[in-house]
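Q: So that you have it, the file is final11.cif, and it contains mmCIF, C-alpha atoms:
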data_structure
#
loop_
_atom_site.label_atom_id
_atom_site.label_comp_id
_atom_site.auth_asym_id
_atom_site.auth_seq_id
_atom_site.Cartn_x
_atom_site.Cartn_y
_atom_site.Cartn_z
CA MET A 17 0.00 0.00 0.00
CA SER A 18 1.42 3.39 -0.99
CA ASP A 19 2.00 6.22 1.47
CA VAL A 20 -0.78 8.27 -0.16
CA VAL A 21 -3.36 5.52 0.40
CA ARG A 22 -2.20 5.05 4.00
CA LYS A 23 -2.54 8.76 4.69
CA ARG A 24 -6.05 8.79 3.18
CA ASN A 25 -7.14 5.79 5.26
CA TYR A 26 -5.76 7.33 8.45
CA ALA A 27 -7.35 10.66 7.68
CA ALA A 28 -10.69 8.98 7.00
CA THR A 29 -10.49 7.03 10.25
CA LYS A 30 -9.51 10.15 12.15
CA ASP A 31 -12.38 12.09 10.59
CA GLU A 32 -14.79 9.32 11.59
CA LEU A 33 -13.52 9.51 15.16
CA ASP A 34 -13.94 13.29 15.20
CA VAL A 35 -17.49 12.98 13.85
CA LYS A 36 -18.26 10.36 16.52
CA LYS A 37 -16.91 12.66 19.22
CA GLU A 38 -18.98 15.59 17.97
CA LYS A 39 -22.16 13.51 17.90
CA MET A 40 -21.58 12.21 21.42
CA LEU A 41 -20.81 15.68 22.75
CA ALA A 42 -23.91 17.07 21.06
CA SER A 43 -26.07 14.46 22.80
CA LEU A 44 -24.74 15.45 26.23
CA GLY A 45 -26.11 18.14 28.47
CA ALA A 46 -24.17 21.21 29.51
CA PHE A 47 -23.00 19.64 32.77
CA GLU A 48 -21.91 16.35 31.15
CA LYS A 49 -20.15 18.18 28.31
CA GLU A 50 -18.23 20.39 30.72
CA TYR A 51 -17.23 17.43 32.88
CA THR A 52 -16.12 15.43 29.80
CA GLU A 53 -13.92 18.24 28.52
CA THR A 54 -12.43 18.69 31.99
CA TYR A 55 -11.64 15.00 32.19
CA LEU A 56 -10.01 14.99 28.73
CA ASN A 57 -7.90 18.04 29.59
CA LEU A 58 -6.44 16.52 32.76
CA GLY A 59 -2.70 16.23 32.58
CA THR A 60 -2.34 18.21 29.32
CA SER A 61 -1.57 21.60 30.83
CA GLY A 62 1.73 20.53 32.40
CA SER A 63 1.21 22.69 35.50
CA GLY A 64 0.58 21.71 39.08
CA GLY A 65 2.53 18.44 38.88
CA ASP A 66 5.95 17.18 39.72
CA ALA A 67 8.55 18.55 37.31
CA GLU A 68 10.52 15.31 37.49
CA ASP A 69 7.56 13.07 36.67
CA VAL A 70 7.19 12.67 32.90
CA THR A 71 3.64 11.30 33.22
CA ASN A 72 2.43 14.48 34.94
CA ARG A 73 3.82 17.12 32.54
CA ALA A 74 3.25 18.17 28.94
CA LEU A 75 5.72 17.18 26.20
CA SER A 76 8.32 19.70 25.15
CA ASN A 77 8.47 20.86 21.51
CA HIS A 78 11.40 18.57 20.76
CA GLU A 79 9.71 15.55 22.35
CA GLU A 80 6.46 16.29 20.56
CA ARG A 81 8.17 16.50 17.13
CA ALA A 82 10.02 13.23 17.76
CA PHE A 83 6.82 11.56 18.89
CA ASN A 84 4.91 12.75 15.80
CA ARG A 85 7.67 11.52 13.45
CA ARG A 86 7.58 8.09 15.04
CA ARG A 87 3.80 7.94 14.93
CA LYS A 88 3.79 9.03 11.28
CA HIS A 89 6.01 6.18 10.06
CA ASN A 90 4.75 3.40 12.37
CA LYS A 91 1.28 2.13 11.51
CA ALA A 92 0.99 -0.05 14.63
CA ILE A 93 1.70 2.87 16.96
CA LYS A 94 -0.67 5.04 14.95
CA ASN A 95 -3.57 2.59 15.25
CA LYS A 96 -2.87 1.93 18.93
CA LEU A 97 -2.85 5.62 19.79
CA GLN A 98 -6.04 6.15 17.86
CA ARG A 99 -7.73 3.32 19.73
CA LEU A 100 -6.49 4.67 23.07
CA ASP A 101 -7.84 8.10 22.16
CA GLU A 102 -11.24 6.58 21.41
CA VAL A 103 -11.29 4.55 24.63
CA ARG A 104 -10.24 7.59 26.66
CA PHE A 105 -13.02 9.67 25.15
CA GLU A 106 -15.65 6.98 25.85
CA ALA A 107 -14.38 6.70 29.44
CA ALA A 108 -14.72 10.46 29.86
CA VAL A 109 -18.32 10.33 28.60
CA ASP A 110 -19.16 7.44 30.94
CA ALA A 111 -17.54 9.25 33.88
CA ALA A 112 -19.57 12.37 33.13
CA ALA A 113 -22.80 10.36 32.98
CA ALA A 114 -22.01 8.59 36.26
CA ASN A 115 -21.16 11.87 37.94
CA ALA A 116 -24.45 13.37 36.77
CA ILE A 117 -26.38 10.42 38.23
CA LEU A 118 -24.58 10.70 41.56
CA ASP A 119 -25.14 14.45 41.69
CA SER A 120 -28.85 14.11 40.94
CA ALA A 121 -29.18 11.34 43.52
CA GLN A 122 -27.65 13.54 46.23
CA HIS A 123 -29.07 16.95 45.41
CA GLY A 124 -31.87 16.56 42.85
CA PRO A 125 -35.59 15.88 43.22
CA THR A 126 -34.90 12.14 42.83
CA SER A 127 -33.06 11.98 46.14
CA GLU A 128 -34.04 9.22 48.55
CA GLY A 129 -37.03 10.07 50.67
CA CYS A 130 -37.90 13.21 48.70
CA LEU A 131 -41.12 14.06 46.87
CA GLU A 132 -41.24 16.57 44.04
CA VAL A 133 -44.06 19.06 44.56
CA GLU A 134 -46.18 20.49 41.75
CA GLY A 135 -46.72 23.86 43.41
CA LYS A 136 -45.20 26.00 46.14
CA MET A 137 -48.22 25.57 48.40
CA GLU A 138 -48.19 21.77 48.29
CA ARG A 139 -47.08 20.13 51.55
CA THR A 140 -45.39 16.75 51.17
CA TYR A 141 -45.72 15.87 54.86
CA LYS A 142 -49.45 15.38 54.31
CA MET A 143 -48.78 12.48 51.93
CA THR A 144 -49.43 9.12 53.60
CA GLN A 145 -48.01 5.71 52.75
CA LYS A 146 -51.49 4.47 51.88
CA GLU A 147 -52.06 7.32 49.44
CA LEU A 148 -48.66 6.75 47.84
CA LYS A 149 -49.40 3.07 47.36
CA GLN A 150 -52.85 3.57 45.88
CA ASN A 151 -52.41 6.61 43.64
CA HIS A 152 -48.78 7.41 42.89
CA LEU A 153 -46.64 4.25 42.69
CA ASP A 154 -46.44 1.52 40.07
CA GLU A 155 -47.22 -2.08 40.94
CA ASN A 156 -43.63 -3.17 41.55
CA MET A 157 -42.87 -0.21 43.80
CA ALA A 158 -46.16 -0.50 45.68
CA ARG A 159 -45.23 -4.06 46.66
CA GLN A 160 -42.42 -2.62 48.79
CA ILE A 161 -44.98 -1.05 51.15
CA TYR A 162 -46.24 -3.77 53.47
CA ASP A 163 -47.20 -4.37 57.09
CA LEU A 164 -45.90 -7.07 59.44
CA LYS A 165 -47.95 -7.92 62.50
CA LEU A 166 -45.63 -9.33 65.15
CA GLU A 167 -47.41 -9.38 68.47
CA ASP A 168 -46.03 -12.29 70.47
CA TYR A 169 -42.29 -11.74 71.00
CA GLY A 170 -41.90 -7.96 70.97
CA PRO A 171 -40.86 -5.29 71.23
CA TYR A 172 -39.12 -5.69 67.88
CA GLN A 173 -36.19 -3.98 66.18
CA VAL A 174 -35.07 -4.06 62.55
CA GLU A 175 -31.59 -3.96 61.00
CA PHE A 176 -30.81 -3.86 57.26
CA ASN A 177 -27.71 -5.11 55.49
CA ARG A 178 -25.55 -2.68 53.52
CA SER A 179 -27.33 -3.31 50.21
CA GLY A 180 -30.75 -2.81 51.79
CA ARG A 181 -32.14 -6.02 50.32
CA TYR A 182 -32.19 -8.13 53.51
CA ASN A 183 -33.33 -7.21 56.98
CA LEU A 184 -33.10 -8.74 60.42
CA ILE A 185 -36.21 -8.60 62.58
CA PHE A 186 -35.56 -9.54 66.19
CA GLY A 187 -37.79 -9.44 69.22
CA GLN A 188 -36.70 -9.03 72.80
CA ALA A 189 -38.31 -12.34 73.79
CA GLY A 190 -36.03 -14.41 71.52
CA HIS A 191 -37.51 -14.33 68.00
CA VAL A 192 -35.10 -13.67 65.07
CA ALA A 193 -36.07 -13.65 61.39
CA MET A 194 -34.27 -12.66 58.21
CA MET A 195 -36.31 -11.52 55.23
CA ASP A 196 -35.59 -10.78 51.56
CA CYS A 197 -37.23 -7.39 51.00
CA HIS A 198 -37.12 -7.68 47.19
CA GLN A 199 -38.92 -11.00 46.97
CA LEU A 200 -40.84 -10.48 50.23
CA SER A 201 -39.82 -13.95 51.35
CA LEU A 202 -38.65 -15.34 54.68
CA GLN A 203 -35.04 -16.58 54.54
CA THR A 204 -34.61 -17.98 58.03
CA GLU A 205 -36.32 -17.88 61.42
CA LEU A 206 -35.05 -18.68 64.91
CA HIS A 207 -36.67 -18.98 68.32
CA LEU A 208 -33.81 -18.72 70.80
CA ASN A 209 -35.91 -18.66 73.99
CA GLU A 210 -33.54 -16.10 75.42
CA THR A 211 -33.43 -12.34 75.76
CA ILE A 212 -32.16 -10.57 72.63
CA ARG A 213 -30.83 -7.03 73.00
CA ASP A 214 -29.39 -6.36 69.54
CA ALA A 215 -28.43 -7.95 66.22
CA CYS A 216 -26.51 -6.92 63.10
CA PHE A 217 -25.33 -8.28 59.77
CA LEU A 218 -21.66 -9.00 59.23
CA HIS A 219 -19.90 -8.54 55.85
CA ASN A 220 -22.98 -9.74 53.91
CA GLU A 221 -26.33 -11.44 54.42
CA THR A 222 -24.83 -14.91 54.93
CA LEU A 223 -23.76 -14.17 58.53
CA PHE A 224 -25.26 -12.15 61.35
CA ALA A 225 -24.48 -11.61 65.02
CA VAL A 226 -26.97 -11.60 67.90
CA ALA A 227 -26.45 -10.06 71.34
CA GLN A 228 -28.15 -12.52 73.68
CA LYS A 229 -28.49 -12.57 77.44
CA LYS A 230 -25.02 -13.83 78.38
CA HIS A 231 -22.89 -13.74 75.21
CA ALA A 232 -22.86 -12.72 71.56
CA TYR A 233 -23.43 -15.43 68.94
CA ILE A 234 -22.87 -15.64 65.17
CA TYR A 235 -25.38 -17.45 62.93
CA ASP A 236 -25.49 -18.13 59.20
CA ASN A 237 -28.43 -17.51 56.85
CA ASN A 238 -29.72 -21.05 57.51
CA GLY A 239 -30.06 -20.40 61.23
CA THR A 240 -27.06 -22.52 62.22
CA GLU A 241 -24.95 -21.34 65.14
CA ILE A 242 -21.43 -20.73 63.84
CA HIS A 243 -19.59 -19.26 66.80
CA GLN A 244 -20.05 -18.22 70.41
CA LEU A 245 -18.15 -15.08 71.38
CA GLN A 246 -17.45 -15.82 75.02
CA ASP A 247 -15.36 -12.65 75.46
CA HIS A 248 -18.41 -10.51 74.71
CA ILE A 249 -20.15 -10.86 78.06
CA ASP A 250 -23.64 -9.48 78.66
CA PRO A 251 -23.67 -7.35 75.47
CA CYS A 252 -26.25 -4.62 74.93
CA ARG A 253 -25.26 -3.27 71.50
CA LEU A 254 -23.43 -4.65 68.46
CA GLN A 255 -21.83 -2.86 65.51
CA PHE A 256 -19.93 -4.34 62.57
CA LEU A 257 -17.12 -2.38 60.89
CA PRO A 258 -17.30 -3.55 57.25
CA TYR A 259 -13.91 -2.22 56.13
CA HIS A 260 -12.07 -3.67 59.12
CA TRP A 261 -14.11 -6.85 59.61
CA LEU A 262 -14.39 -6.08 63.28
CA LEU A 263 -17.40 -6.81 65.46
CA ALA A 264 -17.74 -4.32 68.33
CA SER A 265 -19.92 -4.73 71.40
CA VAL A 266 -20.63 -2.79 74.57
CA GLY A 267 -22.59 -4.05 77.55
CA ARG A 268 -23.65 -3.74 81.14
CA ALA A 269 -20.10 -4.08 82.42
CA GLY A 270 -19.09 -0.92 80.54
CA TYR A 271 -16.44 -2.56 78.34
CA LEU A 272 -16.06 -1.85 74.61
CA GLN A 273 -14.72 -4.97 72.88
CA TYR A 274 -13.58 -5.79 69.34
CA THR A 275 -13.32 -9.18 67.64
CA ASP A 276 -11.86 -9.91 64.19
CA THR A 277 -14.59 -11.86 62.37
CA SER A 278 -12.21 -13.06 59.65
CA THR A 279 -10.05 -15.01 62.13
CA GLY A 280 -12.24 -15.16 65.23
CA GLN A 281 -9.50 -13.62 67.36
CA PHE A 282 -10.15 -11.15 70.14
CA VAL A 283 -8.61 -7.77 69.19
CA SER A 284 -9.00 -5.33 72.08
CA LYS A 285 -11.00 -4.49 75.18
CA HIS A 286 -11.47 -0.95 76.51
CA ARG A 287 -12.91 0.00 79.87
CA THR A 288 -15.10 3.10 79.54
CA ARG A 289 -15.25 3.77 83.33
CA LEU A 290 -18.69 5.32 82.80
CA GLY A 291 -20.93 2.45 83.87
CA PRO A 292 -23.34 0.37 81.79
CA CYS A 293 -23.80 1.47 78.18
CA SER A 294 -26.68 0.64 75.85
CA VAL A 295 -26.20 3.28 73.12
CA MET A 296 -23.57 2.76 70.41
CA ARG A 297 -23.21 3.84 66.79
CA GLN A 298 -20.27 3.88 64.41
CA ASN A 299 -19.14 6.75 62.23
CA PRO A 300 -19.37 5.35 58.67
CA SER A 301 -16.58 7.59 57.39
CA ASN A 302 -13.82 6.65 59.85
CA ALA A 303 -15.15 3.65 61.88
CA VAL A 304 -14.94 5.57 65.18
CA MET A 305 -17.41 4.23 67.75
CA HIS A 306 -19.75 6.70 69.48
CA LEU A 307 -20.98 5.61 72.91
CA GLY A 308 -23.81 7.32 74.81
CA HIS A 309 -23.64 7.05 78.61
CA GLY A 310 -25.99 7.46 81.55
CA ASN A 311 -24.45 10.76 82.71
CA GLY A 312 -25.22 12.55 79.42
CA VAL A 313 -21.72 12.08 77.99
CA VAL A 314 -20.84 10.81 74.52
CA THR A 315 -17.37 9.30 74.07
CA LEU A 316 -15.55 8.44 70.83
CA TRP A 317 -13.35 5.34 70.57
CA SER A 318 -11.08 3.53 68.14
CA PRO A 319 -9.75 -0.06 68.38
CA ALA A 320 -6.12 1.04 68.71
CA SER A 321 -6.64 3.49 71.59
CA SER A 322 -7.14 2.34 75.18
CA ALA A 323 -8.64 5.72 76.13
CA TYR A 324 -11.46 7.67 74.54
CA LEU A 325 -10.56 10.02 71.70
CA VAL A 326 -13.18 12.66 72.52
CA LYS A 327 -15.52 13.18 75.45
CA MET A 328 -18.57 15.42 74.95
CA LEU A 329 -21.19 16.48 77.47
CA CYS A 330 -24.34 16.39 75.36
CA HIS A 331 -27.30 16.14 77.77
CA ARG A 332 -28.29 16.72 81.37
CA GLY A 333 -29.63 13.19 81.60
CA PRO A 334 -28.86 9.76 80.13
CA VAL A 335 -28.20 9.60 76.38
CA GLN A 336 -30.90 7.34 74.96
CA ALA A 337 -30.41 7.64 71.19
CA LEU A 338 -27.55 8.51 68.87
CA ALA A 339 -26.99 8.64 65.11
CA VAL A 340 -24.18 9.74 62.76
CA ASP A 341 -24.82 10.83 59.18
CA PRO A 342 -23.10 8.89 56.34
CA SER A 343 -20.62 11.69 55.64
CA GLY A 344 -19.38 11.53 59.24
CA LYS A 345 -19.69 15.29 59.74
CA TYR A 346 -22.76 15.45 61.97
CA MET A 347 -24.10 13.61 64.98
CA VAL A 348 -27.62 13.66 66.44
CA THR A 349 -28.26 12.77 70.06
CA GLY A 350 -31.44 12.34 72.05
CA GLY A 351 -31.61 12.26 75.83
CA ALA A 352 -33.91 11.70 78.76
CA ASP A 353 -34.00 15.50 79.19
CA ARG A 354 -36.30 15.59 76.11
CA GLN A 355 -33.72 17.38 74.03
CA VAL A 356 -32.66 16.44 70.49
CA LYS A 357 -29.34 18.00 69.49
CA VAL A 358 -27.35 18.17 66.26
CA TRP A 359 -23.55 18.36 66.61
CA ASP A 360 -20.78 19.21 64.16
CA LEU A 361 -18.14 16.49 64.53
CA ARG A 362 -15.49 18.66 62.86
CA THR A 363 -15.62 21.29 65.62
CA TYR A 364 -17.61 19.35 68.29
CA LYS A 365 -19.97 22.30 68.62
CA LEU A 366 -23.75 22.35 68.97
CA LEU A 367 -25.53 23.35 65.76
CA HIS A 368 -29.23 22.89 66.54
CA GLU A 369 -31.29 22.02 69.58
CA TYR A 370 -34.92 20.88 69.64
CA TYR A 371 -37.45 20.04 72.32
CA SER A 372 -39.23 16.70 72.17
CA PRO A 373 -42.54 16.10 74.01
CA GLN A 374 -41.33 12.61 74.87
CA PRO A 375 -37.80 11.41 75.67
CA ALA A 376 -35.95 9.70 72.83
CA VAL A 377 -35.92 5.91 72.77
#
Transcribe the structure of this file into structure tokens.
A:
Amino acid sequence: MSDVVRKRNYAATKDELDVKKEKMLASLGAFEKEYTETYLNLGTSGSGGDAEDVTNRALSNHEERAFNRRRKHNKAIKNKLQRLDEVRFEAAVDAAAANAILDSAQHGPTSEGCLEVEGKMERTYKMTQKELKQNHLDENMARQIYDLKLEDYGPYQVEFNRSGRYNLIFGQAGHVAMMDCHQLSLQTELHLNETIRDACFLHNETLFAVAQKKHAYIYDNNGTEIHQLQDHIDPCRLQFLPYHWLLASVGRAGYLQYTDTSTGQFVSKHRTRLGPCSVMRQNPSNAVMHLGHGNGVVTLWSPASSAYLVKMLCHRGPVQALAVDPSGKYMVTGGADRQVKVWDLRTYKLLHEYYSPQPAV
């Protein structure tokens, strides 16, 4: 094949790629187009990087001329670079689309738990679950609204796994059940005939831990007892750290304990010195445990520290409820003093304070 024919074929292929790029950019919105161009321009300016790192700087004029000469006379390199350019462009478009979906999920009207109003005077708090099911949801979505009547072994609590598909329903009198929320089917059911204070999933739905009267136990999704955690004595609350594979418990003795669920070995045991504790939540962003105590204090703990990291006086009575938002920036506490408070965990300062007619539970 002559050089003229090769140049024509390469030019035609390059023109096709440019036309494809223009069509894809034209189909994108303003936000996606801007994000795609930003992604494609990363690393081409040559500023802001390490001067010694060739991968983080632009080519000099001499290097660019040498590179173009080599690409011009080597068909394999030419085709490979063209393919890489196409793949890079498609990756930029996919990244822009994914970023748009994440942004709309966090801030748009399609956010979880949000309803889009038709007028400024419409009040979404007046919308009931029954009205949603009958008038506003399709058949598949309406199936997700259901009632469970559990009257014999209560009071009951519910815990969901990380995907939200499976839930654990456990009653204080010894009843434990795991349900598939997508298929609305019962996976396993146990009657332990013993007091149950808490339960949680481990790394996935195949294993879960139960805080029973004397010890903590681990069961599989068939209801078989896998392990008895004898070091976790008289536990009141359980939390599983998914990125560390650690199961944490706190109980009436006032000890915070960690066990490695991958090996079954006991990791650490910390004495809080603040009496019995029945309120515990983890910070999803850094795996720090938040404990609420009977004197109104909230303490923050990590497995590697034998003393608390932070100690906050949050209420004038026992702390009865505690929650941390997924970003790890804010904490909400509820106490027996009928106060609900929102705290900034970056400065440990009070942001908002509300009065509740009834104490938090």
Q: What residues come out when you apply the PyMOL selection byres ((chain A and resi 374) around 12) to this file, written as a PyMOL selection string?
A: chain A and resi 336+350-356+370-373+375-377
Q: Return as a PDB file with C-alpha atoms, keeping the file's coordinate frame the set of residues that the PyMOL selection byres ((chain A and resi 191-193) around 7) yields on the displayed structure.
A:
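Listing of result_7.pdb after writing:
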ATOM      1  CA  TYR A 169     -42.290 -11.740  71.000  1.00  0.00           C
ATOM      2  CA  LEU A 184     -33.100  -8.740  60.420  1.00  0.00           C
ATOM      3  CA  ILE A 185     -36.210  -8.600  62.580  1.00  0.00           C
ATOM      4  CA  PHE A 186     -35.560  -9.540  66.190  1.00  0.00           C
ATOM      5  CA  GLY A 187     -37.790  -9.440  69.220  1.00  0.00           C
ATOM      6  CA  ALA A 189     -38.310 -12.340  73.790  1.00  0.00           C
ATOM      7  CA  GLY A 190     -36.030 -14.410  71.520  1.00  0.00           C
ATOM      8  CA  MET A 194     -34.270 -12.660  58.210  1.00  0.00           C
ATOM      9  CA  MET A 195     -36.310 -11.520  55.230  1.00  0.00           C
ATOM     10  CA  THR A 204     -34.610 -17.980  58.030  1.00  0.00           C
ATOM     11  CA  GLU A 205     -36.320 -17.880  61.420  1.00  0.00           C
ATOM     12  CA  LEU A 206     -35.050 -18.680  64.910  1.00  0.00           C
ATOM     13  CA  HIS A 207     -36.670 -18.980  68.320  1.00  0.00           C
ATOM     14  CA  LEU A 208     -33.810 -18.720  70.800  1.00  0.00           C
TER      15      LEU A 208
END
Q: Apply the PyMOL selection byres ((chain A and resi 268) around 10) to the structure shown and report the selected residues as a PDB file with C-alpha atoms, keeping the file's coordinate frame.
A:
ATOM      1  CA  ILE A 249     -20.150 -10.860  78.060  1.00  0.00           C
ATOM      2  CA  ASP A 250     -23.640  -9.480  78.660  1.00  0.00           C
ATOM      3  CA  PRO A 251     -23.670  -7.350  75.470  1.00  0.00           C
ATOM      4  CA  CYS A 252     -26.250  -4.620  74.930  1.00  0.00           C
ATOM      5  CA  ARG A 253     -25.260  -3.270  71.500  1.00  0.00           C
ATOM      6  CA  VAL A 266     -20.630  -2.790  74.570  1.00  0.00           C
ATOM      7  CA  GLY A 267     -22.590  -4.050  77.550  1.00  0.00           C
ATOM      8  CA  ALA A 269     -20.100  -4.080  82.420  1.00  0.00           C
ATOM      9  CA  GLY A 270     -19.090  -0.920  80.540  1.00  0.00           C
ATOM     10  CA  TYR A 271     -16.440  -2.560  78.340  1.00  0.00           C
ATOM     11  CA  GLY A 291     -20.930   2.450  83.870  1.00  0.00           C
ATOM     12  CA  PRO A 292     -23.340   0.370  81.790  1.00  0.00           C
ATOM     13  CA  CYS A 293     -23.800   1.470  78.180  1.00  0.00           C
ATOM     14  CA  SER A 294     -26.680   0.640  75.850  1.00  0.00           C
TER      15      SER A 294
END
Q: Tell me, in Å to one decimal, how far CA of Leu329 in chain A is from CA of Val314 in chain A.
A: 6.4 Å
Q: Report, in Å to a single decimal, how far apart CA of Pro334 in chain A and CA of Tyr274 in chain A are.
A: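 Rounded to one decimal, the two atoms are 24.3 Å apart.
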Q: Just want the 12 Å neighbourhood of Lys345 in chain A, counted on only C-alpha atoms, with same-chain residues fewer than 2 positions away dropped. Output as a list in words.
A: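 What passes the distance filter is Asn299, Pro300, Ser301, Asn302, Ala339, Val340, Asp341, Pro342, Ser343, Met347, Val348, Val358, Trp359, Asp360, Leu361, Arg362, Thr363, Tyr364, Lys365 and Leu367 of chain A.
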Q: Convert the current residue selection to file output with C-alpha atoms, as a short mmCIF file (atom, residue, chain, number, x, y, z; two decimals), keeping the file's coordinate frame.
A:
data_model
loop_
_atom_site.label_atom_id
_atom_site.label_comp_id
_atom_site.auth_asym_id
_atom_site.auth_seq_id
_atom_site.Cartn_x
_atom_site.Cartn_y
_atom_site.Cartn_z
CA ASN A 299 -19.14 6.75 62.23
CA PRO A 300 -19.37 5.35 58.67
CA SER A 301 -16.58 7.59 57.39
CA ASN A 302 -13.82 6.65 59.85
CA ALA A 339 -26.99 8.64 65.11
CA VAL A 340 -24.18 9.74 62.76
CA ASP A 341 -24.82 10.83 59.18
CA PRO A 342 -23.10 8.89 56.34
CA SER A 343 -20.62 11.69 55.64
CA MET A 347 -24.10 13.61 64.98
CA VAL A 348 -27.62 13.66 66.44
CA VAL A 358 -27.35 18.17 66.26
CA TRP A 359 -23.55 18.36 66.61
CA ASP A 360 -20.78 19.21 64.16
CA LEU A 361 -18.14 16.49 64.53
CA ARG A 362 -15.49 18.66 62.86
CA THR A 363 -15.62 21.29 65.62
CA TYR A 364 -17.61 19.35 68.29
CA LYS A 365 -19.97 22.30 68.62
CA LEU A 367 -25.53 23.35 65.76
#
Q: Could you check which of A:Arg178, A:Lys230, A:Arg81, A:Lys96 is closest to Phe256 in chain A, using all atoms listed in the file?
A: A:Arg178
Q: For range 216-223 of chain A, find every residue with an atom within 9 Å (counting only C-alpha atoms), except residues of its own chain fewer than 2 positions away, and show them as a PyMOL selection string.
A: chain A and resi 175-179+181-184+194+214+225-227+234-238+242+254-259+261-263+277
Q: Save the residues we just selected, C-alpha atoms, as a PDB file, in the frame of the given file?
A:
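Writing the result to result.pdb gives the following:
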ATOM      1  CA  GLU A 175     -31.590  -3.960  61.000  1.00  0.00           C
ATOM      2  CA  PHE A 176     -30.810  -3.860  57.260  1.00  0.00           C
ATOM      3  CA  ASN A 177     -27.710  -5.110  55.490  1.00  0.00           C
ATOM      4  CA  ARG A 178     -25.550  -2.680  53.520  1.00  0.00           C
ATOM      5  CA  SER A 179     -27.330  -3.310  50.210  1.00  0.00           C
ATOM      6  CA  ARG A 181     -32.140  -6.020  50.320  1.00  0.00           C
ATOM      7  CA  TYR A 182     -32.190  -8.130  53.510  1.00  0.00           C
ATOM      8  CA  ASN A 183     -33.330  -7.210  56.980  1.00  0.00           C
ATOM      9  CA  LEU A 184     -33.100  -8.740  60.420  1.00  0.00           C
ATOM     10  CA  MET A 194     -34.270 -12.660  58.210  1.00  0.00           C
ATOM     11  CA  ASP A 214     -29.390  -6.360  69.540  1.00  0.00           C
ATOM     12  CA  ALA A 225     -24.480 -11.610  65.020  1.00  0.00           C
ATOM     13  CA  VAL A 226     -26.970 -11.600  67.900  1.00  0.00           C
ATOM     14  CA  ALA A 227     -26.450 -10.060  71.340  1.00  0.00           C
ATOM     15  CA  ILE A 234     -22.870 -15.640  65.170  1.00  0.00           C
ATOM     16  CA  TYR A 235     -25.380 -17.450  62.930  1.00  0.00           C
ATOM     17  CA  ASP A 236     -25.490 -18.130  59.200  1.00  0.00           C
ATOM     18  CA  ASN A 237     -28.430 -17.510  56.850  1.00  0.00           C
ATOM     19  CA  ASN A 238     -29.720 -21.050  57.510  1.00  0.00           C
ATOM     20  CA  ILE A 242     -21.430 -20.730  63.840  1.00  0.00           C
ATOM     21  CA  LEU A 254     -23.430  -4.650  68.460  1.00  0.00           C
ATOM     22  CA  GLN A 255     -21.830  -2.860  65.510  1.00  0.00           C
ATOM     23  CA  PHE A 256     -19.930  -4.340  62.570  1.00  0.00           C
ATOM     24  CA  LEU A 257     -17.120  -2.380  60.890  1.00  0.00           C
ATOM     25  CA  PRO A 258     -17.300  -3.550  57.250  1.00  0.00           C
ATOM     26  CA  TYR A 259     -13.910  -2.220  56.130  1.00  0.00           C
ATOM     27  CA  TRP A 261     -14.110  -6.850  59.610  1.00  0.00           C
ATOM     28  CA  LEU A 262     -14.390  -6.080  63.280  1.00  0.00           C
ATOM     29  CA  LEU A 263     -17.400  -6.810  65.460  1.00  0.00           C
ATOM     30  CA  THR A 277     -14.590 -11.860  62.370  1.00  0.00           C
TER      31      THR A 277
END
